[in-house]
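Let me begin by presenting the structure, written as structure tokens, before commenting on it.
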Amino acid sequence: MEFLLEKVISEKEFKWNFEIKEDGIYGIEITASVKSWRQNLFSSNFFKDDDLTVKIDDSEFLKKSGKKGLFDGEIAWNGNNLKGLKKTNLFLIELNQGNHTLTFLADQKPKIETIKIYKLKEEEIIYLPKDNYPIQEGNQRQWLTIIFCNLGLKFLKIKASAKLGKGFLFFKKDDSDLKLIINGEIQKNQEPKSHKHWYWCGRTLKGNLKIFEKELNLKPDLHYLELWADRSPEVEEIKLKILETEIYPIFILDDIQAYTYKGILGNENYNRFDKEILEVVNFWNKVFFFQKYPPEKALDPNLVKAITYRESRMGYESIGEVDVMQVGDPDNPALFSLKNIAGYPANEFISKNKAGHLSYNFPKERLPVKVESPEESIFWGVRWLYNKAQIYYGTGEKNLDPLFVREWKTWEQAIIDYNGSNKKYEYQKKVWKIYKDGIDPDDNILWEKISNGFSLIKTLGLISLFLIIFLAGLFCGLKIGVHNQYIKNIDIPYYHGYTNETDEPVKKLFLKNLEEYKKNKNYYGEVFRETVKMCEKVRCYMEIVVVNYYDDLVNNMKSNKQFLEAMQVFDFIKNIPTGERNIHEGDIDNDGENEIIFIRRDVLNQSYIVITIIDKIDNKFKIIEHKIIDGYDGYLKLLDVTNDLQPEILLFMSQGRGGYPLYIYQYLEDKKLRQIFDSEFSLFPKYTFSDIDNDGLMEIKMQGELKDAVKDYHAQIEIIYEYNQKENDFVKIKGIKKKLE
């Protein structure tokens, strides 16, 4: 379909409808021109330039940087940039049969020249915009943008040439140039004496041909390829190939393993929720496979069936008749987190610039979140499992690097966190045995063992191995308990005596990567990624491996940047209740240099946490630690609460239940921590930090439930503390306790 519009848009919004005869991938080519404010100087658009952008159906095309700007993004036609010249946008998009709409948003009077719509017959495309070539004579402006709408790009090849400035009549000193930008990244020119930001530079090419050719392998997403022209470069060919994508797997009932076991009395049907499990798993698989950074493997409905059997024996357990996946169990945080109740944070990756509560993709028809039927329990149980299967890291703040990035655990690892109790590793083994072998915790055979499943001997071997690890962990806990707060000595290992054959290949690879860490590099973020992938493959516990080598990491530090970049690949540094990175940098001792502060957990026994500080002492980096007994998990913030321009350490620490009470520490000159605040008598506390009475001193308002209230007495408390400079402590200045009916 080809349409010569030559329409000047005078309204703010102009809709243009078209029909697609069959499903497929289409190219939508739009060429338009817009004028600058100077060109509109003597018109009714006095001192205003023309601007234009477009939406396809409900799809908007935001700037890759994440910054706001309707008329200055990659796809916009900007008058002050184009100055009356043509720009072409080619949208590559998958469209369904039926009616569709282009919605043009305009400022002043832009002009749409042509619209072309055609179905792509092959994944390889050779393209030039015939209505906008040869390139019009102009100065450093956008000429062509190719937009991949949730499609991948395998490779790109561009043949082009550019001439010296002497070839132009009026601009003898201005060469012709061509710039290529891929997803906001300018492809640099490495030739001597060239314009570095223009891959094709007339000064060096002197009219000769130059080829850009690269395997990009960009996964399906919103991708922008921009070509900017200076004067009139010549483009011979643009060739690109769309990346072949896997269709997300859709399971059918025949894919679900039938359980032949019918219980002790032979009257229980363990296949009764197969249909509900199938529909729910297919729904959430589709949701996440169409997002950015989808999981490598789809969730198997048989795994959900195994979890449901383990949690409630398919609803035949008295406590699980309705809540068959126990997602609403009041002893775990799942349902509270799904409902976004204070004290139960559960954030996820949403985009490169945004992270937030996992409710961002909840179906509206499912709200409010409730578990009043087995199907609802399965629906929210699967969603909670998807939450536990992913981690993210990055700052996402002000569009600075690193932006938010999502990573996925294996489903075998996700089961561990689905349970969340202090017996979660044992839980994982039991679920996996049901899933892979068809044998329940009481050794009942649920179905005949499949040939490629785990052998019983191997499974028992794994259980024995975990028992060894557990006993070793108890021994380690006794060894570590001797130390409380000290400057770390290389002769004192964290987990002395700990061994695990599964971890040995990972340790060897870690030591190999450690040699790369010791070298001078511009970027250390990829140094240990090979180790992490090996750990995921053999299902080891990366935190246990790394904890033995903090000394090596610190002793070989040349800067904070080196350590922070290297650590960002480890999920135990990133995966905390708020979803933020649990590692901070700040000058907590006011010596003019930033320290690194993070939390180390007791991953074997969950009996303590350690505030770990990396400090530069006598020009050498050293580890200082403060151990807190009975800490289960926690996260840190740095904030100046004493108004001395020196940040304190705010520790939000959990003991398994009751939210995250706050403890505040100062880092003293003798390298010890002094506690100046705690709020441990409050359950599920919420904090506000401000100078409420404007007296120049920080107040902390704490709201929560009374921790030691008797069972039939529920009280909401609100307490305000103010920092006392003389005592160097926070004192209570106001308290309210209200009984809740």
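Chain lettering (A, B, ...) mirrors the order of the structure tokens, residue numbering begins at 1 for each chain separately, and ligand numbering begins at 1 in order of display.
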I'd like the contact shell of Pro301 (chain A) - 8 Å cut-off, only C-alpha atoms, skipping same-chain residues fewer than 3 positions apart - returned as an mmCIF file with all heavy atoms, in the first residue's frame.
data_model
loop_
_atom_site.group_PDB
_atom_site.id
_atom_site.type_symbol
_atom_site.label_atom_id
_atom_site.label_comp_id
_atom_site.auth_asym_id
_atom_site.auth_seq_id
_atom_site.Cartn_x
_atom_site.Cartn_y
_atom_site.Cartn_z
ATOM 1 N N PHE A 251 1.868 -24.932 26.809
ATOM 2 C CA PHE A 251 1.696 -26.308 27.234
ATOM 3 C C PHE A 251 0.244 -26.753 27.023
ATOM 4 O O PHE A 251 -0.678 -25.928 27.011
ATOM 5 C CB PHE A 251 2.071 -26.457 28.718
ATOM 6 C CG PHE A 251 3.531 -26.223 28.995
ATOM 7 C CD1 PHE A 251 3.981 -24.977 29.411
ATOM 8 C CD2 PHE A 251 4.453 -27.240 28.820
ATOM 9 C CE1 PHE A 251 5.322 -24.754 29.669
ATOM 10 C CE2 PHE A 251 5.801 -27.035 29.073
ATOM 11 C CZ PHE A 251 6.238 -25.786 29.494
ATOM 12 N N ILE A 256 1.196 -32.482 31.012
ATOM 13 C CA ILE A 256 1.216 -32.611 32.471
ATOM 14 C C ILE A 256 1.243 -34.081 32.859
ATOM 15 O O ILE A 256 0.400 -34.875 32.422
ATOM 16 C CB ILE A 256 0.003 -31.902 33.103
ATOM 17 C CG1 ILE A 256 0.029 -30.406 32.753
ATOM 18 C CG2 ILE A 256 -0.002 -32.083 34.614
ATOM 19 C CD1 ILE A 256 -1.082 -29.604 33.382
ATOM 20 N N ILE A 277 -3.821 -25.458 36.760
ATOM 21 C CA ILE A 277 -2.363 -25.255 36.690
ATOM 22 C C ILE A 277 -1.939 -24.921 35.277
ATOM 23 O O ILE A 277 -1.138 -24.003 35.046
ATOM 24 C CB ILE A 277 -1.632 -26.520 37.200
ATOM 25 C CG1 ILE A 277 -1.834 -26.687 38.712
ATOM 26 C CG2 ILE A 277 -0.148 -26.458 36.866
ATOM 27 C CD1 ILE A 277 -1.325 -28.000 39.262
ATOM 28 N N LEU A 278 -2.489 -25.630 34.296
ATOM 29 C CA LEU A 278 -2.142 -25.394 32.892
ATOM 30 C C LEU A 278 -2.473 -23.968 32.470
ATOM 31 O O LEU A 278 -1.636 -23.265 31.889
ATOM 32 C CB LEU A 278 -2.897 -26.395 32.014
ATOM 33 C CG LEU A 278 -2.673 -26.252 30.510
ATOM 34 C CD1 LEU A 278 -1.295 -26.739 30.137
ATOM 35 C CD2 LEU A 278 -3.740 -27.026 29.733
ATOM 36 N N VAL A 281 -0.175 -21.328 34.372
ATOM 37 C CA VAL A 281 1.222 -21.353 33.930
ATOM 38 C C VAL A 281 1.347 -20.765 32.527
ATOM 39 O O VAL A 281 2.257 -19.973 32.248
ATOM 40 C CB VAL A 281 1.785 -22.787 33.987
ATOM 41 C CG1 VAL A 281 3.137 -22.864 33.283
ATOM 42 C CG2 VAL A 281 1.926 -23.240 35.431
ATOM 43 N N VAL A 304 4.963 -26.773 38.984
ATOM 44 C CA VAL A 304 3.904 -26.167 39.802
ATOM 45 C C VAL A 304 3.054 -27.264 40.444
ATOM 46 O O VAL A 304 2.653 -27.157 41.606
ATOM 47 C CB VAL A 304 3.035 -25.222 38.947
ATOM 48 C CG1 VAL A 304 1.855 -24.693 39.753
ATOM 49 C CG2 VAL A 304 3.879 -24.069 38.415
ATOM 50 N N LYS A 305 2.810 -28.324 39.698
ATOM 51 C CA LYS A 305 2.038 -29.442 40.253
ATOM 52 C C LYS A 305 2.786 -30.086 41.416
ATOM 53 O O LYS A 305 2.186 -30.439 42.445
ATOM 54 C CB LYS A 305 1.766 -30.470 39.157
ATOM 55 C CG LYS A 305 0.832 -31.602 39.578
ATOM 56 C CD LYS A 305 0.446 -32.481 38.400
ATOM 57 C CE LYS A 305 -0.526 -33.576 38.828
ATOM 58 N NZ LYS A 305 -0.970 -34.408 37.676
#
Residue nearest Lys622 (chain A) among A:Ile350, A:Leu645, A:Ala306, A:Val554 (counting only C-alpha atoms):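 Of all the options, A:Val554 lies closest to Lys622 (chain A).
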Residue neighbourhood Leu70 (chain A), 12 Å, only C-alpha atoms, exclusion window fewer than 4 positions, as a VMD selection string: chain A and resid 51 to 55 60 to 63 66 74 to 78 104 to 107
Spatial neighbours of region 123-125 of chain A, max dist 9 Å, only C-alpha atoms, sep filter under 6 positions, as a PyMOL selection string: chain A and resi 238-244
Filtering to N, CA, C and O atoms, could you give me those residues as an mmCIF file, in the first residue's frame?
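The result, written out as selection01.cif:
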data_model
loop_
_atom_site.group_PDB
_atom_site.id
_atom_site.type_symbol
_atom_site.label_atom_id
_atom_site.label_comp_id
_atom_site.auth_asym_id
_atom_site.auth_seq_id
_atom_site.Cartn_x
_atom_site.Cartn_y
_atom_site.Cartn_z
ATOM 1 N N ILE A 238 21.393 -0.504 2.426
ATOM 2 C CA ILE A 238 21.169 -0.815 3.842
ATOM 3 C C ILE A 238 20.575 -2.210 3.894
ATOM 4 O O ILE A 238 19.495 -2.454 3.346
ATOM 5 N N LYS A 239 21.293 -3.119 4.511
ATOM 6 C CA LYS A 239 20.832 -4.504 4.607
ATOM 7 C C LYS A 239 20.754 -4.887 6.088
ATOM 8 O O LYS A 239 21.686 -4.648 6.848
ATOM 9 N N LEU A 240 19.636 -5.468 6.460
ATOM 10 C CA LEU A 240 19.486 -5.919 7.842
ATOM 11 C C LEU A 240 18.695 -7.215 7.870
ATOM 12 O O LEU A 240 17.952 -7.534 6.934
ATOM 13 N N LYS A 241 18.886 -7.962 8.940
ATOM 14 C CA LYS A 241 18.181 -9.227 9.097
ATOM 15 C C LYS A 241 17.527 -9.283 10.462
ATOM 16 O O LYS A 241 18.181 -9.055 11.485
ATOM 17 N N ILE A 242 16.238 -9.572 10.455
ATOM 18 C CA ILE A 242 15.493 -9.688 11.706
ATOM 19 C C ILE A 242 15.894 -10.983 12.392
ATOM 20 O O ILE A 242 16.022 -12.036 11.757
ATOM 21 N N LEU A 243 16.122 -10.905 13.695
ATOM 22 C CA LEU A 243 16.534 -12.069 14.477
ATOM 23 C C LEU A 243 15.370 -13.029 14.621
ATOM 24 O O LEU A 243 14.267 -12.637 15.004
ATOM 25 N N GLU A 244 15.610 -14.291 14.257
ATOM 26 C CA GLU A 244 14.574 -15.301 14.438
ATOM 27 C C GLU A 244 14.322 -15.488 15.930
ATOM 28 O O GLU A 244 15.249 -15.673 16.708
#
Asp323 (chain A) environment, 9 Å, only C-alpha atoms, sequence neighbours closer than 4 positions dropped, as a PyMOL selection string: chain A and resi 312+315+319+327-329+371-378
Distance query Lys83 (chain A) at most 7 Å, only C-alpha atoms, self and fewer than 5 positions along chain excluded, as JSON, numbers by chain: {"A": [34, 35, 36]}
All heavy atoms of the current selection, written as a PDB file, in the first residue's frame:
ATOM      1  N   VAL A  34       9.386  19.138   8.239  1.00  0.00           N
ATOM      2  CA  VAL A  34       9.004  20.146   9.228  1.00  0.00           C
ATOM      3  C   VAL A  34       9.952  21.341   9.116  1.00  0.00           C
ATOM      4  O   VAL A  34      11.119  21.188   8.754  1.00  0.00           O
ATOM      5  CB  VAL A  34       9.037  19.558  10.661  1.00  0.00           C
ATOM      6  CG1 VAL A  34       7.862  18.635  10.914  1.00  0.00           C
ATOM      7  CG2 VAL A  34      10.336  18.803  10.919  1.00  0.00           C
ATOM      8  N   LYS A  35       9.452  22.511   9.467  1.00  0.00           N
ATOM      9  CA  LYS A  35      10.228  23.742   9.334  1.00  0.00           C
ATOM     10  C   LYS A  35      10.755  24.223  10.690  1.00  0.00           C
ATOM     11  O   LYS A  35      10.158  23.968  11.734  1.00  0.00           O
ATOM     12  CB  LYS A  35       9.367  24.836   8.701  1.00  0.00           C
ATOM     13  CG  LYS A  35       8.918  24.532   7.277  1.00  0.00           C
ATOM     14  CD  LYS A  35       8.033  25.654   6.735  1.00  0.00           C
ATOM     15  CE  LYS A  35       7.570  25.343   5.321  1.00  0.00           C
ATOM     16  NZ  LYS A  35       6.680  26.413   4.784  1.00  0.00           N
ATOM     17  N   SER A  36      11.849  24.967  10.644  1.00  0.00           N
ATOM     18  CA  SER A  36      12.430  25.551  11.849  1.00  0.00           C
ATOM     19  C   SER A  36      11.707  26.846  12.205  1.00  0.00           C
ATOM     20  O   SER A  36      10.908  27.372  11.420  1.00  0.00           O
ATOM     21  CB  SER A  36      13.910  25.835  11.635  1.00  0.00           C
ATOM     22  OG  SER A  36      14.069  26.888  10.691  1.00  0.00           O
TER      23      SER A  36
END
All strand (DSSP E or B) residues (DSSP, backbone) inside region 637-708 of chain A, as number ranges by chain: A: 637-639, 648-654, 662-667, 673-678, 682-690, 699-706
Option closest in space to Leu697 (chain A), from A:Ala346, A:Ile664, A:Leu216, A:Val641 [counting only C-alpha atoms]: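 Once distances to Leu697 (chain A) are computed over only C-alpha atoms, the minimum belongs to A:Val641.
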All residues 12 Å or closer to Lys620 (chain A), only C-alpha atoms, same chain fewer than 2 positions away omitted, as JSON, numbers by chain: {"A": [554, 555, 556, 557, 558, 559, 560, 614, 615, 616, 617, 618, 622, 623]}
DSSP-assigned alpha helix (DSSP H) among region 8-187 of chain A, expressed as a PyMOL selection string: chain A and resi 79-82
From A:Asn419, A:Tyr660, A:Tyr667, A:Asn132, residue lying nearest Met702 (chain A) [only C-alpha atoms]: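 Among the listed residues, the smallest separation from Met702 (chain A) belongs to A:Tyr660.
Of the listed residues (A:Asn150, A:Asn332, A:Gln390, A:Gln646), A:Asn150 comes nearest to Phe290 (chain A); the distances count only C-alpha atoms.
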Given only C-alpha atoms as the counted atoms, nearest of A:Trp380, A:Phe528, A:Tyr360, A:Tyr608 to Asn513 (chain A):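 For Asn513 (chain A), the nearest of the candidates is A:Phe528.
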